[in-house]
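**Q** Please find one structure pasted underneath; my questions will follow.
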Amino acid sequence: MKQNIFFTADHHFGHANIIKFSERPFESMEEMNEELIKRWNEKIGKDDTVYHLGDVSLGKPDFTKEILDRLNGKIHLIKGNHEYSALRIPERFEWIKDYHELYVEDENHKMGKQKIMLFHYAMRTWNGSHHGTWQLFGHSHGTLADDEMSLSLDVGVDCHNFYPISYEEVKELMKKKKWTPPFAPRN
């Protein structure tokens, strides 16, 4: 059975200034909110798994609940630095954590599963980084240059045409990196 797993971050629903700060191609906050909801639901079905790596909304709790109620999927929240409202509606999330180590079943992976570190912020090194573990992050809105020698990736909406990104899409991007294991395998 194919798992439908998606990653995303930094929607900043209800944050008019993010349009200017991150040069988003929207005329208004309302247009941005509607387009982000539309693109989310185009990719994500109601039973799909979503890991949101922070900064869901800067709107008030009632506004944020209305937005979240319109989004498909089972949402797991990794806390960002703008989570005042999201934390007031914990029932919308499968769980809320600061950090998460995820294992995704993958029959094409040599170990049968891919380990992924989920955190709002980019890290230079992380648990398992020398052994092919990925690190997904948000926060930077595409302002950090991608390091092709590192298995880390900004999954924020500003980097992916304002869409969530699937596990398969992340995997394809990771395959293009020039990372090689720094140590010989242990016997």
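Residue numbers start at 1 in each chain; chains themselves are named A, B, ... in the order of the structure tokens; ligands are numbered from 1 in the order shown.
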Against stretch 163-168 of chain A, which residues of stretch 40-79 of chain A fall within 9 Å? For each one I want the closest pair of atoms and the distance in Å (one decimal), counting only C-alpha atoms, rows by chain and increasing residue number, as JSON lines.
**A**
{"residue": "A:Trp40", "atom": "CA", "partner": "A:Tyr163", "partner_atom": "CA", "distance": 5.9}
{"residue": "A:Glu42", "atom": "CA", "partner": "A:Tyr163", "partner_atom": "CA", "distance": 8.7}
{"residue": "A:Lys43", "atom": "CA", "partner": "A:Pro164", "partner_atom": "CA", "distance": 7.3}
{"residue": "A:Ile44", "atom": "CA", "partner": "A:Pro164", "partner_atom": "CA", "distance": 8.1}
{"residue": "A:Val50", "atom": "CA", "partner": "A:Pro164", "partner_atom": "CA", "distance": 8.5}
{"residue": "A:His52", "atom": "CA", "partner": "A:Pro164", "partner_atom": "CA", "distance": 8.9}
**Q** Would you mind exporting the chosen residues as an mmCIF file, in the first residue's frame, restricted to N, CA, C and O atoms?
**A**
data_model
loop_
_atom_site.group_PDB
_atom_site.id
_atom_site.type_symbol
_atom_site.label_atom_id
_atom_site.label_comp_id
_atom_site.auth_asym_id
_atom_site.auth_seq_id
_atom_site.Cartn_x
_atom_site.Cartn_y
_atom_site.Cartn_z
ATOM 1 N N TRP A 40 -3.008 23.194 -1.096
ATOM 2 C CA TRP A 40 -2.927 22.122 -0.088
ATOM 3 C C TRP A 40 -3.900 21.007 -0.453
ATOM 4 O O TRP A 40 -3.534 19.832 -0.549
ATOM 5 N N GLU A 42 -5.444 20.364 -3.222
ATOM 6 C CA GLU A 42 -5.201 19.737 -4.530
ATOM 7 C C GLU A 42 -4.305 18.513 -4.377
ATOM 8 O O GLU A 42 -4.425 17.553 -5.133
ATOM 9 N N LYS A 43 -3.374 18.561 -3.433
ATOM 10 C CA LYS A 43 -2.402 17.466 -3.276
ATOM 11 C C LYS A 43 -2.753 16.496 -2.167
ATOM 12 O O LYS A 43 -2.402 15.324 -2.240
ATOM 13 N N ILE A 44 -3.397 16.989 -1.137
ATOM 14 C CA ILE A 44 -3.584 16.195 0.078
ATOM 15 C C ILE A 44 -5.039 15.753 0.210
ATOM 16 O O ILE A 44 -5.943 16.580 0.166
ATOM 17 N N VAL A 50 0.172 14.453 6.989
ATOM 18 C CA VAL A 50 0.903 15.698 6.739
ATOM 19 C C VAL A 50 1.745 16.034 7.962
ATOM 20 O O VAL A 50 1.249 16.011 9.093
ATOM 21 N N HIS A 52 3.556 19.194 9.290
ATOM 22 C CA HIS A 52 3.701 20.642 9.101
ATOM 23 C C HIS A 52 4.831 21.107 10.017
ATOM 24 O O HIS A 52 4.742 20.973 11.234
#
**Q** Name the closest residue to A:Leu58 among the candidates A:Pro25, A:Gly73, A:Gly45, A:Gly14; distances are taken between atoms, counting only C-alpha atoms.
**A** A:Gly14
**Q** Given only C-alpha atoms as the basis, pick out the residue of A:Cys159, A:Ile96, A:Met29, A:Leu136 nearest to A:Phe119.
**A**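 Closest to A:Phe119 of all the choices is A:Leu136.
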**Q** Calculate how many Å separate atom CA of A:Lys178 from atom CA of A:Asp147, rounding to one decimal.
**A** 9.1 Å
**Q** Pick out the closest residue to A:Asp48 from this set: A:Phe21, A:Phe162, A:Phe7, A:Tyr99. Count only C-alpha atoms.
**A**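 Counting only C-alpha atoms, the residue closest to A:Asp48 is A:Phe7.
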**Q** Can you pull out every residue within 7 Å of A:Phe13, counting only C-alpha atoms, but drop anything in the same chain fewer than 6 positions away, and send it as a PyMOL selection string?
**A** chain A and resi 33+56-59
**Q** Using only N, CA, C and O atoms, please write the residues we just selected to a file, as a PDB file, in the first residue's frame.
**A**
ATOM      1  N   ASN A  33      -4.296  33.373   1.424  1.00  0.00           N
ATOM      2  CA  ASN A  33      -4.918  32.323   2.238  1.00  0.00           C
ATOM      3  C   ASN A  33      -5.692  31.345   1.358  1.00  0.00           C
ATOM      4  O   ASN A  33      -5.549  30.124   1.507  1.00  0.00           O
ATOM      5  N   VAL A  56       2.165  27.831  11.067  1.00  0.00           N
ATOM      6  CA  VAL A  56       0.900  27.590  10.383  1.00  0.00           C
ATOM      7  C   VAL A  56       0.191  28.919  10.126  1.00  0.00           C
ATOM      8  O   VAL A  56      -0.180  29.227   9.001  1.00  0.00           O
ATOM      9  N   SER A  57       0.002  29.707  11.187  1.00  0.00           N
ATOM     10  CA  SER A  57      -0.863  30.886  11.088  1.00  0.00           C
ATOM     11  C   SER A  57      -0.433  31.967  12.065  1.00  0.00           C
ATOM     12  O   SER A  57      -0.024  31.678  13.184  1.00  0.00           O
ATOM     13  N   LEU A  58      -0.562  33.201  11.606  1.00  0.00           N
ATOM     14  CA  LEU A  58      -0.367  34.324  12.514  1.00  0.00           C
ATOM     15  C   LEU A  58      -1.689  34.998  12.838  1.00  0.00           C
ATOM     16  O   LEU A  58      -1.737  36.018  13.516  1.00  0.00           O
ATOM     17  N   GLY A  59      -2.792  34.416  12.319  1.00  0.00           N
ATOM     18  CA  GLY A  59      -4.120  34.934  12.641  1.00  0.00           C
ATOM     19  C   GLY A  59      -4.536  34.521  14.046  1.00  0.00           C
ATOM     20  O   GLY A  59      -3.879  33.709  14.690  1.00  0.00           O
TER      21      GLY A  59
END
**Q** Measure the distance from atom CA of A:Gly156 to atom CA of A:Asp10 in Å and round it to one decimal.
**A** 5.4 Å
**Q** Please extract the residues of stretch 13-162 of chain A with a backbone DSSP assignment of strand (DSSP E) and present them as a PyMOL selection string.
**A** chain A and resi 49-52+74-78+93-97+99-105+113-119+134-137+152-154
**Q** Here is a test: counting only C-alpha atoms, which residue of A:Thr143, A:Asp158, A:Ile5, A:Gly128 is nearest to A:Met32?
**A**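 Residue with the minimum atom-to-atom distance to A:Met32: A:Asp158.
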**Q** Quick one: pull the distance between atom CA of A:Asp69 and atom CA of A:Glu27, Å, one decimal.
**A** 24.0 Å
**Q** Env of A:Asp98: 10 Å cut, atoms = only C-alpha atoms, seq-sep filter 4 positions within chain, self excluded. Answer as a ChimeraX atom specification.
**A** /A:53-54,77-80,118-120
**Q** Looking only at the backbone, which of the residues in stretch 38-161 of chain A does DSSP tag as alpha helix (DSSP H), as a PyMOL selection string?
**A** chain A and resi 38-43+61-70
**Q** Could you write out the selected residues, including all heavy atoms, as a short mmCIF file (atom, residue, chain, number, x, y, z; two decimals), in the first residue's frame?
**A**
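That gives us selection-v8.cif:
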data_model
loop_
_atom_site.label_atom_id
_atom_site.label_comp_id
_atom_site.auth_asym_id
_atom_site.auth_seq_id
_atom_site.Cartn_x
_atom_site.Cartn_y
_atom_site.Cartn_z
N LYS A 38 -6.23 26.08 -1.39
CA LYS A 38 -6.52 25.37 -2.66
C LYS A 38 -5.38 24.43 -3.02
O LYS A 38 -5.60 23.26 -3.33
CB LYS A 38 -6.74 26.41 -3.76
CG LYS A 38 -7.02 25.83 -5.13
CD LYS A 38 -7.40 26.96 -6.09
CE LYS A 38 -6.92 26.80 -7.49
NZ LYS A 38 -5.54 26.76 -7.81
N ARG A 39 -4.14 24.93 -2.96
CA ARG A 39 -3.00 24.10 -3.35
C ARG A 39 -2.78 22.95 -2.37
O ARG A 39 -2.40 21.85 -2.78
CB ARG A 39 -1.74 24.96 -3.51
CG ARG A 39 -1.88 25.91 -4.69
CD ARG A 39 -0.63 26.68 -4.99
NE ARG A 39 -0.94 27.74 -5.95
CZ ARG A 39 -0.03 28.38 -6.68
NH1 ARG A 39 1.24 28.07 -6.59
NH2 ARG A 39 -0.41 29.33 -7.51
N TRP A 40 -3.01 23.19 -1.10
CA TRP A 40 -2.93 22.12 -0.09
C TRP A 40 -3.90 21.01 -0.45
O TRP A 40 -3.53 19.83 -0.55
CB TRP A 40 -3.26 22.71 1.28
CG TRP A 40 -3.32 21.75 2.43
CD1 TRP A 40 -4.19 20.70 2.59
CD2 TRP A 40 -2.50 21.75 3.60
NE1 TRP A 40 -3.97 20.06 3.79
CE2 TRP A 40 -2.94 20.69 4.43
CE3 TRP A 40 -1.46 22.57 4.04
CZ2 TRP A 40 -2.36 20.42 5.67
CZ3 TRP A 40 -0.89 22.29 5.29
CH2 TRP A 40 -1.33 21.22 6.08
N ASN A 41 -5.17 21.37 -0.66
CA ASN A 41 -6.20 20.37 -0.90
C ASN A 41 -6.12 19.72 -2.28
O ASN A 41 -6.64 18.62 -2.47
CB ASN A 41 -7.59 20.97 -0.65
CG ASN A 41 -7.84 21.21 0.84
OD1 ASN A 41 -7.28 20.54 1.69
ND2 ASN A 41 -8.67 22.19 1.13
N GLU A 42 -5.44 20.36 -3.22
CA GLU A 42 -5.20 19.74 -4.53
C GLU A 42 -4.31 18.51 -4.38
O GLU A 42 -4.43 17.55 -5.13
CB GLU A 42 -4.48 20.72 -5.48
CG GLU A 42 -5.40 21.62 -6.26
CD GLU A 42 -4.62 22.63 -7.10
OE1 GLU A 42 -3.48 22.34 -7.54
OE2 GLU A 42 -5.15 23.74 -7.29
N LYS A 43 -3.37 18.56 -3.43
CA LYS A 43 -2.40 17.47 -3.28
C LYS A 43 -2.75 16.50 -2.17
O LYS A 43 -2.40 15.32 -2.24
CB LYS A 43 -1.00 18.04 -2.99
CG LYS A 43 -0.29 18.46 -4.25
CD LYS A 43 1.14 18.82 -3.98
CE LYS A 43 2.09 17.70 -4.28
NZ LYS A 43 3.46 18.21 -4.44
N PRO A 61 -6.84 32.72 17.05
CA PRO A 61 -7.26 31.31 17.14
C PRO A 61 -8.52 30.97 16.35
O PRO A 61 -8.56 29.94 15.67
CB PRO A 61 -7.44 31.09 18.64
CG PRO A 61 -6.45 32.03 19.26
CD PRO A 61 -6.48 33.26 18.38
N ASP A 62 -9.58 31.78 16.41
CA ASP A 62 -10.82 31.47 15.67
C ASP A 62 -10.58 31.43 14.17
O ASP A 62 -11.06 30.53 13.47
CB ASP A 62 -11.92 32.49 15.99
CG ASP A 62 -12.45 32.35 17.42
OD1 ASP A 62 -12.09 31.35 18.09
OD2 ASP A 62 -13.21 33.23 17.85
N PHE A 63 -9.85 32.42 13.68
CA PHE A 63 -9.50 32.48 12.25
C PHE A 63 -8.68 31.24 11.87
O PHE A 63 -8.94 30.59 10.85
CB PHE A 63 -8.69 33.76 12.00
CG PHE A 63 -7.95 33.78 10.69
CD1 PHE A 63 -8.55 34.25 9.53
CD2 PHE A 63 -6.64 33.33 10.61
CE1 PHE A 63 -7.87 34.27 8.33
CE2 PHE A 63 -5.95 33.33 9.41
CZ PHE A 63 -6.57 33.81 8.25
N THR A 64 -7.71 30.90 12.70
CA THR A 64 -6.83 29.76 12.43
C THR A 64 -7.61 28.46 12.42
O THR A 64 -7.40 27.60 11.56
CB THR A 64 -5.68 29.73 13.47
OG1 THR A 64 -4.95 30.96 13.37
CG2 THR A 64 -4.76 28.55 13.26
N LYS A 65 -8.56 28.31 13.35
CA LYS A 65 -9.39 27.10 13.38
C LYS A 65 -10.20 26.99 12.09
O LYS A 65 -10.30 25.90 11.52
CB LYS A 65 -10.31 27.11 14.60
CG LYS A 65 -11.15 25.83 14.70
CD LYS A 65 -12.09 25.85 15.88
CE LYS A 65 -12.81 24.52 16.07
NZ LYS A 65 -13.36 23.91 14.86
N GLU A 66 -10.77 28.09 11.63
CA GLU A 66 -11.55 28.06 10.37
C GLU A 66 -10.68 27.59 9.20
O GLU A 66 -11.13 26.81 8.37
CB GLU A 66 -12.10 29.46 10.05
CG GLU A 66 -13.31 29.83 10.88
CD GLU A 66 -13.76 31.27 10.63
OE1 GLU A 66 -13.45 31.82 9.54
OE2 GLU A 66 -14.41 31.83 11.52
N ILE A 67 -9.45 28.07 9.14
CA ILE A 67 -8.53 27.66 8.06
C ILE A 67 -8.22 26.16 8.19
O ILE A 67 -8.35 25.40 7.24
CB ILE A 67 -7.21 28.47 8.10
CG1 ILE A 67 -7.48 29.95 7.88
CG2 ILE A 67 -6.18 27.88 7.14
CD1 ILE A 67 -7.27 30.49 6.51
N LEU A 68 -7.82 25.76 9.40
CA LEU A 68 -7.42 24.36 9.62
C LEU A 68 -8.58 23.40 9.33
O LEU A 68 -8.36 22.30 8.83
CB LEU A 68 -6.90 24.16 11.04
CG LEU A 68 -5.50 24.73 11.29
CD1 LEU A 68 -5.20 24.76 12.79
CD2 LEU A 68 -4.45 23.92 10.56
N ASP A 69 -9.79 23.83 9.61
CA ASP A 69 -10.96 22.98 9.34
C ASP A 69 -11.18 22.77 7.84
O ASP A 69 -11.87 21.83 7.44
CB ASP A 69 -12.23 23.58 9.98
CG ASP A 69 -12.25 23.40 11.50
OD1 ASP A 69 -11.44 22.60 12.02
OD2 ASP A 69 -13.08 24.06 12.15
N ARG A 70 -10.61 23.64 7.02
CA ARG A 70 -10.76 23.53 5.56
C ARG A 70 -9.63 22.71 4.92
O ARG A 70 -9.68 22.42 3.73
CB ARG A 70 -10.79 24.92 4.93
CG ARG A 70 -12.05 25.71 5.32
CD ARG A 70 -12.00 27.13 4.80
NE ARG A 70 -11.92 27.16 3.34
CZ ARG A 70 -11.60 28.26 2.64
NH1 ARG A 70 -11.33 29.40 3.27
NH2 ARG A 70 -11.55 28.21 1.32
#
**Q** Between A:Gln114, A:Asn17, A:Asn4, A:Ser22, which is the closest to A:His131 once you count only C-alpha atoms?
**A**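 For A:His131, the nearest of the candidates is A:Gln114.
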**Q** Which one is closest to A:Gly138: A:Met174, A:Ala9, A:Leu87, A:Val157? Count only C-alpha atoms.
**A**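 Using only C-alpha atoms, the shortest distance to A:Gly138 belongs to A:Ala9.
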**Q** Would you pick out the contacts of A:Asn127 at 9 Å or less, using only C-alpha atoms, so that residues sharing its chain but fewer than 4 positions from it are not included, and give the list as JSON, numbers by chain?
**A** {"A": [101, 117, 131, 133]}
